[in-house]
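Enquirer: Pasting a structure below so you can have a look.
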Amino acid sequence: MTNSALQKTDPEIYNLIQSEEARQEKDLELIPSENVVSDAVREAVGSVLMNKYSEGQPYKRYYPGNQFIDQIESLTESRALQAFGLADTEWHVNVQPPTGAIANFATYTAVMNPGDRMLGMNLYDGGHLSHGWKLPDTGKPISFTSRLYDTHFYTVNKETRVFDYGEVLARAKAVQPKILISGGTAYPREIDHKKMREIADTVGALYMADIAHEAGLVAGGANSSPFPYAHLVTMTTRKTLRGPVGAMIFASKKLLGDDIADKIDFAVFPGLQGGPQNHSIAGIGVALHEAMQPEFKRYAAQCVKNAQALADELMKLGFDVVSGGTDKHLVLVDLRSRGWTGKDAQNALEKVEIIANKNTVPLESGKPWNPSGLRLGSPFLTTRGYKENDFLEVARKIAEILAKN
Ligand code: DSN
């Protein structure tokens with residue numbers, strides 16, 4: 001880091017940033033939602049763009065002086081559409097939400113009324129908090145989504161620990177949701193978006209795919225795209241897409257009508273937020289430009305190959321890998337047969353500088369703070385240049401630390 005202004009003004013923060021940079025260089029970072037952004041992305045995010053307020057949409061702002069911000073946001077929007085093969089189509093995109101949870105909540109408010117029913121993935125089976133999670137024992141809502149809407153969940157098949165679309169359909173018929181959601185943080189298998197749309201159509205619901213985790217794999221062609229099927233697609237811009245913190249909402253005008261564009265934009269601003277983070281939007285634009293280069297296709301494919309090598313080796317070494325492998329960048333391990341809890345395993349690994357997070361697993365018997373699983377991922381180390389053989393080594397190291405208790 002060469003930012004001597006920071007060093008001079010605030011050596012305390014400067015030194016802590018230096019320490020974190022050194023930690024990221026040294027540790028084996030296996031959290032699947034983390035990645036290493038390029039210097040170009042960092043330069044955009046650290047730029048003067050953060051000095052400007054720009055409530056509104058490109059070329060329709062409440063404040064003057066936005067001529068360059070307008071061009072940056074509009075370029076980022078075009079790149080977002082292009083990166084997912086949607087240029088010159090009927091898809092609308094909003095690149096302003098600062099996080100995935102806010103993008104999801106804005107999307108719900110654009111297409112639903114309070115009290116409407118939602119159906120999403122069970123959190124313990126890989127789903128996400130922002131899909132309306134409620135505590136299973138008490139039904140206590142734990143986010144505004146679950147307070148505002150009537151939220152329900154579908155679960156994986158107990159034997160295979162993957163989604164059985166017949167079971168999802170049965171659940172959808174029972175719940176009759178206004179919106180059916182796929183996507184999550186710890187589901188290692190690809191979603192069949194065609195089947196999900198068919199289920200949504202059968203019960204008259206909208207289908208929303210939250211591809212926060214696999215967005216980069218979709219852009220890089222390593223996972224299948226939800227866009228031919230979904231009414232709505234949301235994603236974060238970090239994780240496999242390798243951009244800065246931020247999120248995007250895509251809506252199909254063909255399926256939802258032209259006014260969906262205004263509904264989504266209005267839900268984001270003024271519905272949920274004020275001035276957009278222009279510096280992040282520029283960083284997202286840079287990351288999308290990078291994601292359209294041939295190298296990114298190789299990166300996305302390598303992420304999957306690396307995660308598969310890790311999963312295969314862990315299984316050989318006796319670990320219970322949920323669903324028997326992965327199609328993506330993440331691997332979920334149920335540690336119960338090994339005699340470890342997720343929390344103890346996370347702590348033991350951190351002591352030897354392997355960073356992987358404790359996670360709930362299907363048929364969870366623990367608690368979110370001390371669940372039964374461990375989640376591992378390949379995006380960060382793949383960016384650092386790791387290949388399959390390196391991931392075999394990582395698996396062996398993990399097995400050494402987490403010897404059977
Ligand atoms: N925190 C992100 C993850 O780790 O998957 C999702 O919110």
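Ordered as shown in the structure tokens, chains take letters A, B, and onward, while each chain numbers its residues from 1 and ligands are numbered from 1 in the order shown.
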I'd like the contact shell of stretch 102-116 of chain A - 6 Å cut-off, only C-alpha atoms, skipping same-chain residues fewer than 4 positions apart - returned as a list in words.
Expert: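 So, after excluding close chain neighbours, the residues are Pro97, Leu148, Tyr149, Asp150, Lys263, Ile264, Ala267 and Val268 of chain A.
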Enquirer: Please provide the set of residues having any atom within 12 Å of A:Ser323, restricted to only C-alpha atoms, with same-chain residues fewer than 3 positions apart removed, written as a VMD selection string.
Expert: chain A and resid 125 to 126 156 to 163 186 to 190 311 to 312 315 319 to 320 326 to 327 330 to 334 361 to 362
Enquirer: Kindly save the residues from that selection, with N, CA, C and O atoms included, as an mmCIF file, in the first residue's frame.
Expert:
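Contents of part.cif, as written:
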```
data_model
loop_
_atom_site.group_PDB
_atom_site.id
_atom_site.type_symbol
_atom_site.label_atom_id
_atom_site.label_comp_id
_atom_site.auth_asym_id
_atom_site.auth_seq_id
_atom_site.Cartn_x
_atom_site.Cartn_y
_atom_site.Cartn_z
ATOM 1 N N ASP A 125 -30.746 -25.497 4.814
ATOM 2 C CA ASP A 125 -30.432 -26.276 3.621
ATOM 3 C C ASP A 125 -29.683 -25.442 2.591
ATOM 4 O O ASP A 125 -29.570 -25.826 1.427
ATOM 5 N N GLY A 126 -29.204 -24.291 3.011
ATOM 6 C CA GLY A 126 -28.394 -23.471 2.102
ATOM 7 C C GLY A 126 -28.982 -22.133 1.753
ATOM 8 O O GLY A 126 -28.358 -21.352 1.055
ATOM 9 N N VAL A 156 -34.444 -29.541 1.355
ATOM 10 C CA VAL A 156 -33.829 -30.556 0.492
ATOM 11 C C VAL A 156 -34.433 -31.926 0.815
ATOM 12 O O VAL A 156 -35.012 -32.126 1.874
ATOM 13 N N ASN A 157 -34.246 -32.855 -0.098
ATOM 14 C CA ASN A 157 -34.647 -34.226 0.149
ATOM 15 C C ASN A 157 -33.732 -34.792 1.246
ATOM 16 O O ASN A 157 -32.508 -34.597 1.195
ATOM 17 N N LYS A 158 -34.327 -35.459 2.207
ATOM 18 C CA LYS A 158 -33.559 -35.893 3.391
ATOM 19 C C LYS A 158 -32.471 -36.915 3.055
ATOM 20 O O LYS A 158 -31.445 -36.994 3.720
ATOM 21 N N GLU A 159 -32.705 -37.720 2.019
ATOM 22 C CA GLU A 159 -31.704 -38.742 1.656
ATOM 23 C C GLU A 159 -30.567 -38.131 0.835
ATOM 24 O O GLU A 159 -29.397 -38.285 1.150
ATOM 25 N N THR A 160 -30.951 -37.428 -0.231
ATOM 26 C CA THR A 160 -29.932 -36.950 -1.174
ATOM 27 C C THR A 160 -29.315 -35.620 -0.747
ATOM 28 O O THR A 160 -28.241 -35.259 -1.203
ATOM 29 N N ARG A 161 -30.014 -34.889 0.070
ATOM 30 C CA ARG A 161 -29.641 -33.538 0.498
ATOM 31 C C ARG A 161 -29.511 -32.571 -0.690
ATOM 32 O O ARG A 161 -28.723 -31.635 -0.679
ATOM 33 N N VAL A 162 -30.260 -32.875 -1.757
ATOM 34 C CA VAL A 162 -30.422 -31.909 -2.853
ATOM 35 C C VAL A 162 -31.917 -31.645 -3.023
ATOM 36 O O VAL A 162 -32.749 -32.405 -2.523
ATOM 37 N N PHE A 163 -32.260 -30.572 -3.733
ATOM 38 C CA PHE A 163 -33.674 -30.262 -3.909
ATOM 39 C C PHE A 163 -34.305 -31.255 -4.866
ATOM 40 O O PHE A 163 -33.773 -31.533 -5.940
ATOM 41 N N ALA A 186 -25.256 -21.578 0.855
ATOM 42 C CA ALA A 186 -24.528 -22.810 1.145
ATOM 43 C C ALA A 186 -25.147 -24.014 0.430
ATOM 44 O O ALA A 186 -25.147 -25.113 0.967
ATOM 45 N N TYR A 187 -25.662 -23.791 -0.770
ATOM 46 C CA TYR A 187 -26.202 -24.914 -1.539
ATOM 47 C C TYR A 187 -25.206 -25.213 -2.656
ATOM 48 O O TYR A 187 -24.990 -24.384 -3.545
ATOM 49 N N PRO A 188 -24.547 -26.390 -2.614
ATOM 50 C CA PRO A 188 -23.431 -26.636 -3.532
ATOM 51 C C PRO A 188 -23.835 -27.072 -4.942
ATOM 52 O O PRO A 188 -22.960 -27.233 -5.793
ATOM 53 N N ARG A 189 -25.118 -27.257 -5.164
ATOM 54 C CA ARG A 189 -25.546 -27.773 -6.478
ATOM 55 C C ARG A 189 -26.179 -26.681 -7.323
ATOM 56 O O ARG A 189 -26.729 -25.723 -6.811
ATOM 57 N N GLU A 190 -26.129 -26.876 -8.650
ATOM 58 C CA GLU A 190 -26.779 -25.918 -9.539
ATOM 59 C C GLU A 190 -28.288 -26.022 -9.381
ATOM 60 O O GLU A 190 -28.827 -27.116 -9.173
ATOM 61 N N ALA A 311 -13.655 -31.158 -2.797
ATOM 62 C CA ALA A 311 -14.745 -32.032 -2.335
ATOM 63 C C ALA A 311 -14.357 -33.503 -2.490
ATOM 64 O O ALA A 311 -14.545 -34.312 -1.566
ATOM 65 N N ASP A 312 -13.808 -33.855 -3.645
ATOM 66 C CA ASP A 312 -13.450 -35.269 -3.901
ATOM 67 C C ASP A 312 -12.412 -35.751 -2.896
ATOM 68 O O ASP A 312 -12.520 -36.847 -2.352
ATOM 69 N N MET A 315 -13.843 -36.225 0.565
ATOM 70 C CA MET A 315 -14.641 -37.466 0.646
ATOM 71 C C MET A 315 -13.713 -38.670 0.760
ATOM 72 O O MET A 315 -13.948 -39.565 1.558
ATOM 73 N N PHE A 319 -14.615 -37.492 4.881
ATOM 74 C CA PHE A 319 -15.566 -36.444 5.281
ATOM 75 C C PHE A 319 -16.921 -36.660 4.609
ATOM 76 O O PHE A 319 -16.988 -37.165 3.479
ATOM 77 N N ASP A 320 -17.966 -36.234 5.315
ATOM 78 C CA ASP A 320 -19.318 -36.293 4.767
ATOM 79 C C ASP A 320 -19.594 -34.978 4.029
ATOM 80 O O ASP A 320 -19.970 -33.976 4.649
ATOM 81 N N THR A 326 -19.961 -31.034 -5.522
ATOM 82 C CA THR A 326 -20.360 -29.650 -5.810
ATOM 83 C C THR A 326 -20.382 -29.402 -7.314
ATOM 84 O O THR A 326 -19.627 -30.037 -8.062
ATOM 85 N N ASP A 327 -21.246 -28.490 -7.729
ATOM 86 C CA ASP A 327 -21.249 -28.021 -9.124
ATOM 87 C C ASP A 327 -20.706 -26.603 -9.187
ATOM 88 O O ASP A 327 -20.717 -25.980 -10.248
ATOM 89 N N LEU A 330 -18.344 -23.865 -4.043
ATOM 90 C CA LEU A 330 -18.422 -24.081 -2.596
ATOM 91 C C LEU A 330 -18.696 -25.532 -2.249
ATOM 92 O O LEU A 330 -19.307 -26.274 -3.011
ATOM 93 N N VAL A 331 -18.194 -25.892 -1.064
ATOM 94 C CA VAL A 331 -18.306 -27.259 -0.561
ATOM 95 C C VAL A 331 -18.852 -27.157 0.864
ATOM 96 O O VAL A 331 -18.374 -26.333 1.644
ATOM 97 N N LEU A 332 -19.846 -27.986 1.165
ATOM 98 C CA LEU A 332 -20.416 -27.981 2.513
ATOM 99 C C LEU A 332 -20.148 -29.346 3.145
ATOM 100 O O LEU A 332 -20.457 -30.380 2.548
ATOM 101 N N VAL A 333 -19.552 -29.325 4.334
ATOM 102 C CA VAL A 333 -19.198 -30.576 5.002
ATOM 103 C C VAL A 333 -20.017 -30.710 6.271
ATOM 104 O O VAL A 333 -20.077 -29.772 7.076
ATOM 105 N N ASP A 334 -20.656 -31.864 6.455
ATOM 106 C CA ASP A 334 -21.354 -32.167 7.710
ATOM 107 C C ASP A 334 -20.347 -32.872 8.606
ATOM 108 O O ASP A 334 -19.851 -33.953 8.270
ATOM 109 N N VAL A 361 -26.219 -27.118 8.314
ATOM 110 C CA VAL A 361 -26.302 -28.146 7.265
ATOM 111 C C VAL A 361 -27.724 -28.705 7.240
ATOM 112 O O VAL A 361 -28.471 -28.521 8.207
ATOM 113 N N PRO A 362 -28.101 -29.417 6.178
ATOM 114 C CA PRO A 362 -29.419 -30.038 6.175
ATOM 115 C C PRO A 362 -29.608 -30.939 7.397
ATOM 116 O O PRO A 362 -28.660 -31.580 7.844
#
```
Enquirer: What does the distance from atom CA of A:Pro276 to atom CA of A:Ala87 come to in Å, to one decimal?
Expert: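 If I compute the distance from atom CA of A:Pro276 to atom CA of A:Ala87, I get 23.3 Å.
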Enquirer: So which residues are near ligand 1, meaning at most 7 Å away with only C-alpha atoms and all ligand atoms counted, given back as a PDB file with N, CA, C and O atoms, in the first residue's frame?
Expert:
```pdb
ATOM      1  N   ILE A  31     -13.405 -18.944   2.564  1.00  0.00           N
ATOM      2  CA  ILE A  31     -14.813 -18.539   2.689  1.00  0.00           C
ATOM      3  C   ILE A  31     -15.338 -18.268   1.276  1.00  0.00           C
ATOM      4  O   ILE A  31     -14.785 -17.429   0.555  1.00  0.00           O
ATOM      5  N   PRO A  32     -16.376 -18.999   0.847  1.00  0.00           N
ATOM      6  CA  PRO A  32     -16.757 -18.954  -0.570  1.00  0.00           C
ATOM      7  C   PRO A  32     -17.319 -17.627  -1.053  1.00  0.00           C
ATOM      8  O   PRO A  32     -17.434 -17.409  -2.252  1.00  0.00           O
ATOM      9  N   SER A  33     -17.671 -16.746  -0.106  1.00  0.00           N
ATOM     10  CA  SER A  33     -18.205 -15.445  -0.520  1.00  0.00           C
ATOM     11  C   SER A  33     -17.115 -14.385  -0.622  1.00  0.00           C
ATOM     12  O   SER A  33     -17.405 -13.227  -0.888  1.00  0.00           O
ATOM     13  N   HIS A 128     -30.857 -18.204   2.344  1.00  0.00           N
ATOM     14  CA  HIS A 128     -30.280 -16.970   2.895  1.00  0.00           C
ATOM     15  C   HIS A 128     -31.277 -16.232   3.785  1.00  0.00           C
ATOM     16  O   HIS A 128     -32.480 -16.250   3.523  1.00  0.00           O
ATOM     17  N   THR A 185     -26.727 -19.341   0.289  1.00  0.00           N
ATOM     18  CA  THR A 185     -25.314 -19.167   0.621  1.00  0.00           C
ATOM     19  C   THR A 185     -24.557 -20.465   0.775  1.00  0.00           C
ATOM     20  O   THR A 185     -23.340 -20.455   0.863  1.00  0.00           O
ATOM     21  N   ALA A 186     -25.256 -21.578   0.855  1.00  0.00           N
ATOM     22  CA  ALA A 186     -24.528 -22.810   1.145  1.00  0.00           C
ATOM     23  C   ALA A 186     -25.147 -24.014   0.430  1.00  0.00           C
ATOM     24  O   ALA A 186     -25.147 -25.113   0.967  1.00  0.00           O
ATOM     25  N   HIS A 213     -24.152 -15.933  -5.005  1.00  0.00           N
ATOM     26  CA  HIS A 213     -22.934 -16.722  -4.908  1.00  0.00           C
ATOM     27  C   HIS A 213     -22.342 -17.068  -6.270  1.00  0.00           C
ATOM     28  O   HIS A 213     -21.139 -16.984  -6.467  1.00  0.00           O
TER      29      HIS A 213
END
```
Enquirer: Within 10 Å of A:Ala345, counting only C-alpha atoms, which residues show up once you throw out same-chain ones fewer than 5 positions away? Write them as a PyMOL selection string, please.
Expert: chain A and resi 335+339-340+350+356-358+372-374+398+401-402
Enquirer: Give me, as a list in words, all polymer residues having an atom no more than 12 Å from A:Ser225, counting only C-alpha atoms and skipping those fewer than 4 positions away in the same chain.
Expert: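 Selected residues are Ala83, Phe84, Gly85, Leu86, Glu190, Ile191, Asp192, His193, Lys194, Ala209, Asp210, Ile211, Glu214, Ala215, Gly216, Leu217, Val218, Ala219, Gly220, Gly221, Tyr229, Ala230 and Val233 of chain A.
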Enquirer: For C-alpha atoms, I'd like the residues from the last selection saved as an mmCIF file, in the first residue's frame.
Expert:
```cif
data_model
loop_
_atom_site.group_PDB
_atom_site.id
_atom_site.type_symbol
_atom_site.label_atom_id
_atom_site.label_comp_id
_atom_site.auth_asym_id
_atom_site.auth_seq_id
_atom_site.Cartn_x
_atom_site.Cartn_y
_atom_site.Cartn_z
ATOM 1 C CA ALA A 83 -21.900 -9.537 -19.049
ATOM 2 C CA PHE A 84 -25.012 -11.714 -18.673
ATOM 3 C CA GLY A 85 -25.834 -11.811 -22.392
ATOM 4 C CA LEU A 86 -28.730 -9.362 -22.044
ATOM 5 C CA GLU A 190 -26.779 -25.918 -9.539
ATOM 6 C CA ILE A 191 -30.406 -24.868 -9.480
ATOM 7 C CA ASP A 192 -32.614 -26.032 -12.342
ATOM 8 C CA HIS A 193 -34.041 -22.624 -13.228
ATOM 9 C CA LYS A 194 -36.306 -24.060 -15.924
ATOM 10 C CA ALA A 209 -33.338 -16.233 -8.732
ATOM 11 C CA ASP A 210 -30.847 -14.818 -6.235
ATOM 12 C CA ILE A 211 -27.500 -15.750 -7.792
ATOM 13 C CA GLU A 214 -22.641 -17.968 -8.470
ATOM 14 C CA ALA A 215 -22.970 -14.679 -10.418
ATOM 15 C CA GLY A 216 -19.351 -14.888 -11.588
ATOM 16 C CA LEU A 217 -19.795 -18.523 -12.575
ATOM 17 C CA VAL A 218 -22.853 -17.580 -14.640
ATOM 18 C CA ALA A 219 -21.069 -14.609 -16.266
ATOM 19 C CA GLY A 220 -18.056 -16.847 -16.945
ATOM 20 C CA GLY A 221 -20.190 -19.655 -18.392
ATOM 21 C CA TYR A 229 -36.514 -18.349 -17.125
ATOM 22 C CA ALA A 230 -36.667 -15.940 -14.190
ATOM 23 C CA VAL A 233 -32.697 -11.917 -10.789
#
```
Enquirer: From the options A:Tyr14, A:Phe68, A:Tyr299, A:Trp91, which residue's atoms come nearest to A:Asp259, counting only C-alpha atoms?
Expert: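 Result for the nearest residue to A:Asp259: A:Trp91.
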Enquirer: One number please: atom CA of A:Leu314 to atom CA of A:Ala395, in Å, one decimal.
Expert: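 Separating atom CA of A:Leu314 from atom CA of A:Ala395 is a distance of 5.7 Å.
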Enquirer: Where does DSSP see alpha helix (DSSP H) in stretch 9-209 of chain A, if you list the residues as a PyMOL selection string?
Expert: chain A and resi 9+11-26+39-45+67-83+100-111+144-148+165-175+193-202
Enquirer: Determine, counting only C-alpha atoms, which protein, DNA and RNA residues have an atom within 8 Å of an atom of A:Tyr63; residues of the same chain fewer than 2 positions away are not included. Present the result as a PyMOL selection string.
Expert: chain A and resi 53-55+61+65-66
Enquirer: Atom CA of A:Met208 to atom CA of A:Ile260: how many Å, to one decimal?
Expert: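 These two atoms are separated by 13.7 Å.
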Enquirer: Quick one: of A:Lys140, A:Arg375, A:His131, A:Lys397, who's nearest to A:His152, counting only C-alpha atoms?
Expert: A:His131
Enquirer: Which of these, A:Glu393, A:Glu353, A:Asp262, A:Asp70, has the shortest distance to A:Leu28 once you count only C-alpha atoms?
Expert: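 Ranked by minimum distance to A:Leu28, first place goes to A:Glu353.
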